[in-house]
Amino acid sequence: MRLYSGKIPAIATEVVRALLASKDIEAESPKEVEADVAAVLNQYLADEREVNERAKDILERTGKPQSEYQRVRALAADEKGIKVGDDTLDYLLDQVVEMLMHSNNVDEVFVEDVELRRKMAPVFKKHMAVDSALDAEVRAQLRHVKEGSRDWEVEYARVLEQVKRRKGL
């Protein structure tokens, strides 16, 4: 699962609407709460970009192979205090819950943290699971190329970029 910047406004809107509709939170200005949620998600993306750059720099400086990227990235993320990979969803949910508890734009929170996470998780999953749908679409277009070959790698990257651009990701 991956968070795309193009999905942030939709996630923020859906999360706030879901929480308001179920009377889990109370807010006079929902648009401000949406902006707060979006700010949390945008900050995560900025931190993630910084971690990715740091991991690339470390690999380049130390001369380690590219196969070490995920491990070095995880270490850089720990150093930065964020979660990446499989832990991203839990980390983002924790951050949004924390923001809801401390935001001046949220008048009242009526449920426990666990309940907030339970209501928000499906929205995040729906918008962050785009990766698997993208992969399936790209593979469908590349049936004529042998997977694992050099041509596959080049074509996969090219078609993936086209599909992302077409979907606004």
# chains A, B, ... in the order shown; residues from 1 in each chain; ligands from 1
>>> closest_atom_pairs(of="segment 64-136 of chain A", to="segment 141-146 of chain A", cutoff="12 Å", atoms="only C-alpha atoms", output="Markdown table")
| residue | atom | partner | partner_atom | distance |
| --- | --- | --- | --- | --- |
| A:Leu134 | CA | A:Gln141 | CA | 10.8 |
| A:Asp135 | CA | A:Gln141 | CA | 10.0 |
| A:Ala136 | CA | A:Gln141 | CA | 8.8 |
>>> residues_around(residues="Ser5 of chain A", least_positions_apart="3", cutoff="9 Å", atoms="only C-alpha atoms", output="PyMOL selection string")
chain A and resi 8-9+41-42+45+169
>>> residues_around(residues="Asp36 of chain A", least_positions_apart="5", cutoff="12 Å", atoms="only C-alpha atoms", output="list in words")
Ile8, Pro9, Ile11, Ala12, Thr13, Val15, Val16, Ser29, Pro30, Lys31, Leu41, Asn42, Gln43, Gln95, Val96, Val97, Glu98, Met99, Leu100, Met101, His102, Ser103, Asn104, Asn105 and Val106 of chain A
>>> write_last_selection(atoms="C-alpha atoms", output="PDB file, in the first residue's frame")
ATOM      1  CA  ILE A   8      -4.908  13.059  -0.212  1.00  0.00           C
ATOM      2  CA  PRO A   9      -7.869  15.444  -0.741  1.00  0.00           C
ATOM      3  CA  ILE A  11      -8.986  10.664   1.739  1.00  0.00           C
ATOM      4  CA  ALA A  12      -9.314  13.764   3.925  1.00  0.00           C
ATOM      5  CA  THR A  13     -12.837  14.501   2.703  1.00  0.00           C
ATOM      6  CA  VAL A  15     -12.509  10.475   6.538  1.00  0.00           C
ATOM      7  CA  VAL A  16     -14.055  13.665   7.922  1.00  0.00           C
ATOM      8  CA  SER A  29     -15.941  23.814  10.190  1.00  0.00           C
ATOM      9  CA  PRO A  30     -15.431  20.405   8.535  1.00  0.00           C
ATOM     10  CA  LYS A  31     -13.317  21.977   5.779  1.00  0.00           C
ATOM     11  CA  LEU A  41      -0.811  13.184   5.132  1.00  0.00           C
ATOM     12  CA  ASN A  42       1.229  15.750   3.181  1.00  0.00           C
ATOM     13  CA  GLN A  43       3.746  15.904   6.013  1.00  0.00           C
ATOM     14  CA  GLN A  95      -1.086  10.349  13.274  1.00  0.00           C
ATOM     15  CA  VAL A  96      -4.593  11.331  12.168  1.00  0.00           C
ATOM     16  CA  VAL A  97      -6.135  10.188  15.477  1.00  0.00           C
ATOM     17  CA  GLU A  98      -3.526  12.205  17.356  1.00  0.00           C
ATOM     18  CA  MET A  99      -4.300  15.260  15.222  1.00  0.00           C
ATOM     19  CA  LEU A 100      -8.056  14.873  15.826  1.00  0.00           C
ATOM     20  CA  MET A 101      -7.461  14.804  19.575  1.00  0.00           C
ATOM     21  CA  HIS A 102      -5.388  17.994  19.545  1.00  0.00           C
ATOM     22  CA  SER A 103      -6.866  20.026  16.689  1.00  0.00           C
ATOM     23  CA  ASN A 104      -8.535  23.329  17.504  1.00  0.00           C
ATOM     24  CA  ASN A 105     -10.911  22.661  14.599  1.00  0.00           C
ATOM     25  CA  VAL A 106     -12.386  19.530  16.200  1.00  0.00           C
TER      26      VAL A 106
END
>>> closest_atom_pairs(of="segment 35-62 of chain A", to="segment 66-74 of chain A", cutoff="12 Å", atoms="only C-alpha atoms", output="Markdown table")
| residue | atom | partner | partner_atom | distance |
| --- | --- | --- | --- | --- |
| A:Asp47 | CA | A:Arg73 | CA | 11.9 |
| A:Glu48 | CA | A:Arg73 | CA | 9.4 |
| A:Arg49 | CA | A:Arg73 | CA | 10.6 |
| A:Glu50 | CA | A:Arg73 | CA | 10.2 |
| A:Val51 | CA | A:Arg73 | CA | 6.5 |
| A:Asn52 | CA | A:Arg73 | CA | 6.2 |
| A:Glu53 | CA | A:Arg73 | CA | 8.9 |
| A:Arg54 | CA | A:Arg73 | CA | 7.7 |
| A:Ala55 | CA | A:Arg73 | CA | 4.9 |
| A:Lys56 | CA | A:Tyr69 | CA | 7.3 |
| A:Asp57 | CA | A:Val72 | CA | 10.0 |
| A:Ile58 | CA | A:Val72 | CA | 7.6 |
| A:Leu59 | CA | A:Tyr69 | CA | 7.1 |
| A:Glu60 | CA | A:Gln66 | CA | 9.1 |
| A:Thr62 | CA | A:Glu68 | CA | 11.0 |
>>> write_last_selection(atoms="all heavy atoms", output="CSV table (one decimal), in the first residue's frame")
chain,number,residue,atom,x,y,z
A,47,ASP,N,8.1,13.7,4.6
A,47,ASP,CA,9.1,12.9,5.4
A,47,ASP,C,9.5,11.6,4.7
A,47,ASP,O,10.7,11.3,4.7
A,47,ASP,CB,8.4,12.5,6.8
A,47,ASP,CG,8.2,13.7,7.7
A,47,ASP,OD1,8.8,14.7,7.5
A,47,ASP,OD2,7.4,13.5,8.7
A,48,GLU,N,8.6,11.0,4.0
A,48,GLU,CA,8.9,9.8,3.3
A,48,GLU,C,9.9,10.1,2.1
A,48,GLU,O,10.9,9.3,1.9
A,48,GLU,CB,7.7,9.1,2.7
A,48,GLU,CG,7.9,7.8,2.0
A,48,GLU,CD,6.7,7.2,1.4
A,48,GLU,OE1,5.9,7.9,0.8
A,48,GLU,OE2,6.6,6.0,1.4
A,49,ARG,N,9.7,11.2,1.4
A,49,ARG,CA,10.6,11.6,0.4
A,49,ARG,C,12.0,11.8,1.0
A,49,ARG,O,13.0,11.4,0.4
A,49,ARG,CB,10.1,12.9,-0.3
A,49,ARG,CG,9.2,12.6,-1.5
A,49,ARG,CD,9.0,13.8,-2.4
A,49,ARG,NE,8.3,14.9,-1.6
A,49,ARG,CZ,6.9,14.9,-1.5
A,49,ARG,NH1,6.2,14.0,-2.0
A,49,ARG,NH2,6.4,15.9,-0.9
A,50,GLU,N,12.1,12.5,2.1
A,50,GLU,CA,13.3,12.8,2.8
A,50,GLU,C,14.0,11.5,3.1
A,50,GLU,O,15.3,11.3,2.9
A,50,GLU,CB,13.1,13.6,4.0
A,50,GLU,CG,14.3,14.3,4.6
A,50,GLU,CD,13.9,15.2,5.8
A,50,GLU,OE1,13.0,16.0,5.6
A,50,GLU,OE2,14.5,15.0,6.8
A,51,VAL,N,13.3,10.5,3.7
A,51,VAL,CA,13.8,9.2,4.0
A,51,VAL,C,14.4,8.5,2.8
A,51,VAL,O,15.5,7.9,2.8
A,51,VAL,CB,12.8,8.3,4.7
A,51,VAL,CG1,13.2,6.9,4.8
A,51,VAL,CG2,12.6,8.9,6.2
A,52,ASN,N,13.6,8.5,1.7
A,52,ASN,CA,14.1,7.9,0.5
A,52,ASN,C,15.4,8.5,-0.1
A,52,ASN,O,16.3,7.8,-0.5
A,52,ASN,CB,13.0,8.0,-0.6
A,52,ASN,CG,11.8,7.1,-0.3
A,52,ASN,OD1,11.8,6.2,0.6
A,52,ASN,ND2,10.6,7.4,-0.9
A,53,GLU,N,15.4,9.8,0.0
A,53,GLU,CA,16.7,10.5,-0.5
A,53,GLU,C,17.8,10.1,0.4
A,53,GLU,O,18.9,9.9,0.0
A,53,GLU,CB,16.5,12.0,-0.5
A,53,GLU,CG,15.5,12.5,-1.6
A,53,GLU,CD,16.0,12.1,-3.0
A,53,GLU,OE1,17.2,12.2,-3.3
A,53,GLU,OE2,15.1,11.6,-3.8
A,54,ARG,N,17.6,10.1,1.7
A,54,ARG,CA,18.6,9.8,2.7
A,54,ARG,C,19.1,8.3,2.4
A,54,ARG,O,20.3,8.1,2.4
A,54,ARG,CB,18.1,9.9,4.1
A,54,ARG,CG,19.1,9.5,5.1
A,54,ARG,CD,19.2,10.5,6.3
A,54,ARG,NE,20.0,10.0,7.4
A,54,ARG,CZ,21.3,9.9,7.4
A,54,ARG,NH1,22.0,10.2,6.4
A,54,ARG,NH2,21.9,9.4,8.5
A,55,ALA,N,18.2,7.4,2.2
A,55,ALA,CA,18.6,6.0,1.9
A,55,ALA,C,19.5,5.9,0.6
A,55,ALA,O,20.5,5.2,0.6
A,55,ALA,CB,17.4,5.1,1.8
A,56,LYS,N,19.1,6.7,-0.4
A,56,LYS,CA,19.8,6.7,-1.7
A,56,LYS,C,21.2,7.2,-1.4
A,56,LYS,O,22.2,6.7,-1.9
A,56,LYS,CB,19.1,7.5,-2.7
A,56,LYS,CG,17.9,6.8,-3.3
A,56,LYS,CD,17.2,7.7,-4.2
A,56,LYS,CE,15.8,7.2,-4.6
A,56,LYS,NZ,15.0,8.1,-5.5
A,57,ASP,N,21.3,8.3,-0.6
A,57,ASP,CA,22.6,8.9,-0.3
A,57,ASP,C,23.5,8.0,0.4
A,57,ASP,O,24.7,7.9,0.1
A,57,ASP,CB,22.4,10.2,0.5
A,57,ASP,CG,21.8,11.4,-0.3
A,57,ASP,OD1,21.8,11.3,-1.5
A,57,ASP,OD2,21.4,12.3,0.3
A,58,ILE,N,22.9,7.3,1.4
A,58,ILE,CA,23.7,6.3,2.2
A,58,ILE,C,24.2,5.2,1.3
A,58,ILE,O,25.4,4.8,1.4
A,58,ILE,CB,22.9,5.7,3.4
A,58,ILE,CG1,22.6,6.8,4.4
A,58,ILE,CG2,23.6,4.5,4.0
A,58,ILE,CD1,21.6,6.5,5.5
A,59,LEU,N,23.4,4.7,0.4
A,59,LEU,CA,23.8,3.6,-0.5
A,59,LEU,C,25.0,4.1,-1.4
A,59,LEU,O,26.0,3.4,-1.6
A,59,LEU,CB,22.7,3.1,-1.3
A,59,LEU,CG,21.6,2.2,-0.6
A,59,LEU,CD1,20.5,1.8,-1.6
A,59,LEU,CD2,22.3,1.0,0.0
A,60,GLU,N,24.8,5.3,-1.9
A,60,GLU,CA,25.8,5.9,-2.8
A,60,GLU,C,27.1,6.1,-2.1
A,60,GLU,O,28.2,5.8,-2.6
A,60,GLU,CB,25.3,7.2,-3.3
A,60,GLU,CG,26.1,7.7,-4.5
A,60,GLU,CD,25.4,8.9,-5.1
A,60,GLU,OE1,24.2,8.8,-5.6
A,60,GLU,OE2,26.0,10.0,-5.1
A,62,THR,N,28.2,4.7,0.8
A,62,THR,CA,28.9,3.5,1.3
A,62,THR,C,29.2,2.5,0.2
A,62,THR,O,29.9,1.5,0.5
A,62,THR,CB,28.0,2.8,2.4
A,62,THR,OG1,26.8,2.5,1.8
A,62,THR,CG2,27.8,3.8,3.6
>>> decode(residues="segment 103-116 of chain A", atoms="all heavy atoms", output="mmCIF file, in the first residue's frame")
data_model
loop_
_atom_site.group_PDB
_atom_site.id
_atom_site.type_symbol
_atom_site.label_atom_id
_atom_site.label_comp_id
_atom_site.auth_asym_id
_atom_site.auth_seq_id
_atom_site.Cartn_x
_atom_site.Cartn_y
_atom_site.Cartn_z
ATOM 1 N N SER A 103 -6.526 18.954 17.623
ATOM 2 C CA SER A 103 -6.866 20.026 16.689
ATOM 3 C C SER A 103 -7.844 21.019 17.304
ATOM 4 O O SER A 103 -8.816 20.630 17.954
ATOM 5 C CB SER A 103 -7.478 19.429 15.416
ATOM 6 O OG SER A 103 -7.936 20.472 14.580
ATOM 7 N N ASN A 104 -7.608 22.283 17.066
ATOM 8 C CA ASN A 104 -8.535 23.329 17.504
ATOM 9 C C ASN A 104 -9.804 23.339 16.653
ATOM 10 O O ASN A 104 -10.796 23.954 17.042
ATOM 11 C CB ASN A 104 -7.866 24.703 17.430
ATOM 12 C CG ASN A 104 -6.753 24.843 18.443
ATOM 13 O OD1 ASN A 104 -6.781 24.198 19.496
ATOM 14 N ND2 ASN A 104 -5.771 25.651 18.125
ATOM 15 N N ASN A 105 -9.765 22.689 15.504
ATOM 16 C CA ASN A 105 -10.911 22.661 14.599
ATOM 17 C C ASN A 105 -11.903 21.551 14.932
ATOM 18 O O ASN A 105 -13.002 21.531 14.410
ATOM 19 C CB ASN A 105 -10.443 22.523 13.148
ATOM 20 C CG ASN A 105 -9.588 23.701 12.734
ATOM 21 O OD1 ASN A 105 -9.941 24.846 12.996
ATOM 22 N ND2 ASN A 105 -8.455 23.423 12.124
ATOM 23 N N VAL A 106 -11.492 20.601 15.759
ATOM 24 C CA VAL A 106 -12.386 19.530 16.200
ATOM 25 C C VAL A 106 -12.922 19.923 17.570
ATOM 26 O O VAL A 106 -12.171 20.053 18.532
ATOM 27 C CB VAL A 106 -11.648 18.170 16.278
ATOM 28 C CG1 VAL A 106 -12.564 17.080 16.801
ATOM 29 C CG2 VAL A 106 -11.092 17.794 14.912
ATOM 30 N N ASP A 107 -14.238 20.132 17.625
ATOM 31 C CA ASP A 107 -14.846 20.582 18.879
ATOM 32 C C ASP A 107 -14.904 19.473 19.923
ATOM 33 O O ASP A 107 -14.648 19.706 21.093
ATOM 34 C CB ASP A 107 -16.265 21.116 18.617
ATOM 35 C CG ASP A 107 -16.246 22.304 17.669
ATOM 36 O OD1 ASP A 107 -15.276 23.093 17.728
ATOM 37 O OD2 ASP A 107 -17.188 22.449 16.877
ATOM 38 N N GLU A 108 -15.256 18.269 19.484
ATOM 39 C CA GLU A 108 -15.396 17.161 20.427
ATOM 40 C C GLU A 108 -15.159 15.830 19.721
ATOM 41 O O GLU A 108 -15.538 15.653 18.573
ATOM 42 C CB GLU A 108 -16.800 17.180 21.024
ATOM 43 C CG GLU A 108 -17.005 16.299 22.222
ATOM 44 C CD GLU A 108 -16.268 16.792 23.461
ATOM 45 O OE1 GLU A 108 -16.381 17.973 23.801
ATOM 46 O OE2 GLU A 108 -15.569 15.952 24.066
ATOM 47 N N VAL A 109 -14.532 14.896 20.431
ATOM 48 C CA VAL A 109 -14.364 13.524 19.964
ATOM 49 C C VAL A 109 -15.144 12.654 20.934
ATOM 50 O O VAL A 109 -14.907 12.694 22.136
ATOM 51 C CB VAL A 109 -12.876 13.103 19.934
ATOM 52 C CG1 VAL A 109 -12.749 11.656 19.495
ATOM 53 C CG2 VAL A 109 -12.069 14.014 19.025
ATOM 54 N N PHE A 110 -16.094 11.871 20.412
ATOM 55 C CA PHE A 110 -17.013 11.120 21.265
ATOM 56 C C PHE A 110 -16.676 9.645 21.421
ATOM 57 O O PHE A 110 -17.335 8.942 22.166
ATOM 58 C CB PHE A 110 -18.444 11.232 20.724
ATOM 59 C CG PHE A 110 -18.965 12.640 20.742
ATOM 60 C CD1 PHE A 110 -19.120 13.336 19.569
ATOM 61 C CD2 PHE A 110 -19.286 13.260 21.939
ATOM 62 C CE1 PHE A 110 -19.609 14.642 19.577
ATOM 63 C CE2 PHE A 110 -19.769 14.560 21.964
ATOM 64 C CZ PHE A 110 -19.932 15.254 20.781
ATOM 65 N N VAL A 111 -15.689 9.136 20.679
ATOM 66 C CA VAL A 111 -15.376 7.701 20.727
ATOM 67 C C VAL A 111 -13.899 7.489 21.042
ATOM 68 O O VAL A 111 -13.089 8.413 20.979
ATOM 69 C CB VAL A 111 -15.737 6.997 19.395
ATOM 70 C CG1 VAL A 111 -17.235 7.041 19.145
ATOM 71 C CG2 VAL A 111 -14.986 7.598 18.240
ATOM 72 N N GLU A 112 -13.583 6.242 21.355
ATOM 73 C CA GLU A 112 -12.204 5.859 21.654
ATOM 74 C C GLU A 112 -11.351 5.879 20.376
ATOM 75 O O GLU A 112 -11.875 5.780 19.273
ATOM 76 C CB GLU A 112 -12.172 4.446 22.241
ATOM 77 C CG GLU A 112 -12.883 4.306 23.560
ATOM 78 C CD GLU A 112 -12.154 5.017 24.687
ATOM 79 O OE1 GLU A 112 -10.910 4.975 24.708
ATOM 80 O OE2 GLU A 112 -12.831 5.614 25.535
ATOM 81 N N ASP A 113 -10.043 5.931 20.566
ATOM 82 C CA ASP A 113 -9.096 5.924 19.447
ATOM 83 C C ASP A 113 -9.316 4.719 18.531
ATOM 84 O O ASP A 113 -9.261 4.841 17.309
ATOM 85 C CB ASP A 113 -7.656 5.878 19.962
ATOM 86 C CG ASP A 113 -7.267 7.121 20.727
ATOM 87 O OD1 ASP A 113 -8.143 7.991 20.946
ATOM 88 O OD2 ASP A 113 -6.094 7.221 21.123
ATOM 89 N N VAL A 114 -9.542 3.569 19.136
ATOM 90 C CA VAL A 114 -9.715 2.332 18.374
ATOM 91 C C VAL A 114 -10.903 2.450 17.416
ATOM 92 O O VAL A 114 -10.835 2.012 16.263
ATOM 93 C CB VAL A 114 -9.908 1.127 19.328
ATOM 94 C CG1 VAL A 114 -10.216 -0.132 18.572
ATOM 95 C CG2 VAL A 114 -8.699 0.958 20.201
ATOM 96 N N GLU A 115 -11.970 3.054 17.890
ATOM 97 C CA GLU A 115 -13.162 3.222 17.059
ATOM 98 C C GLU A 115 -12.886 4.205 15.914
ATOM 99 O O GLU A 115 -13.349 3.995 14.789
ATOM 100 C CB GLU A 115 -14.343 3.710 17.916
ATOM 101 C CG GLU A 115 -15.664 3.685 17.198
ATOM 102 C CD GLU A 115 -16.101 2.303 16.729
ATOM 103 O OE1 GLU A 115 -15.729 1.301 17.361
ATOM 104 O OE2 GLU A 115 -16.811 2.236 15.705
ATOM 105 N N LEU A 116 -12.139 5.256 16.178
ATOM 106 C CA LEU A 116 -11.764 6.198 15.115
ATOM 107 C C LEU A 116 -10.948 5.475 14.042
ATOM 108 O O LEU A 116 -11.202 5.632 12.845
ATOM 109 C CB LEU A 116 -10.948 7.365 15.688
ATOM 110 C CG LEU A 116 -11.685 8.378 16.543
ATOM 111 C CD1 LEU A 116 -10.704 9.355 17.171
ATOM 112 C CD2 LEU A 116 -12.729 9.123 15.721
#
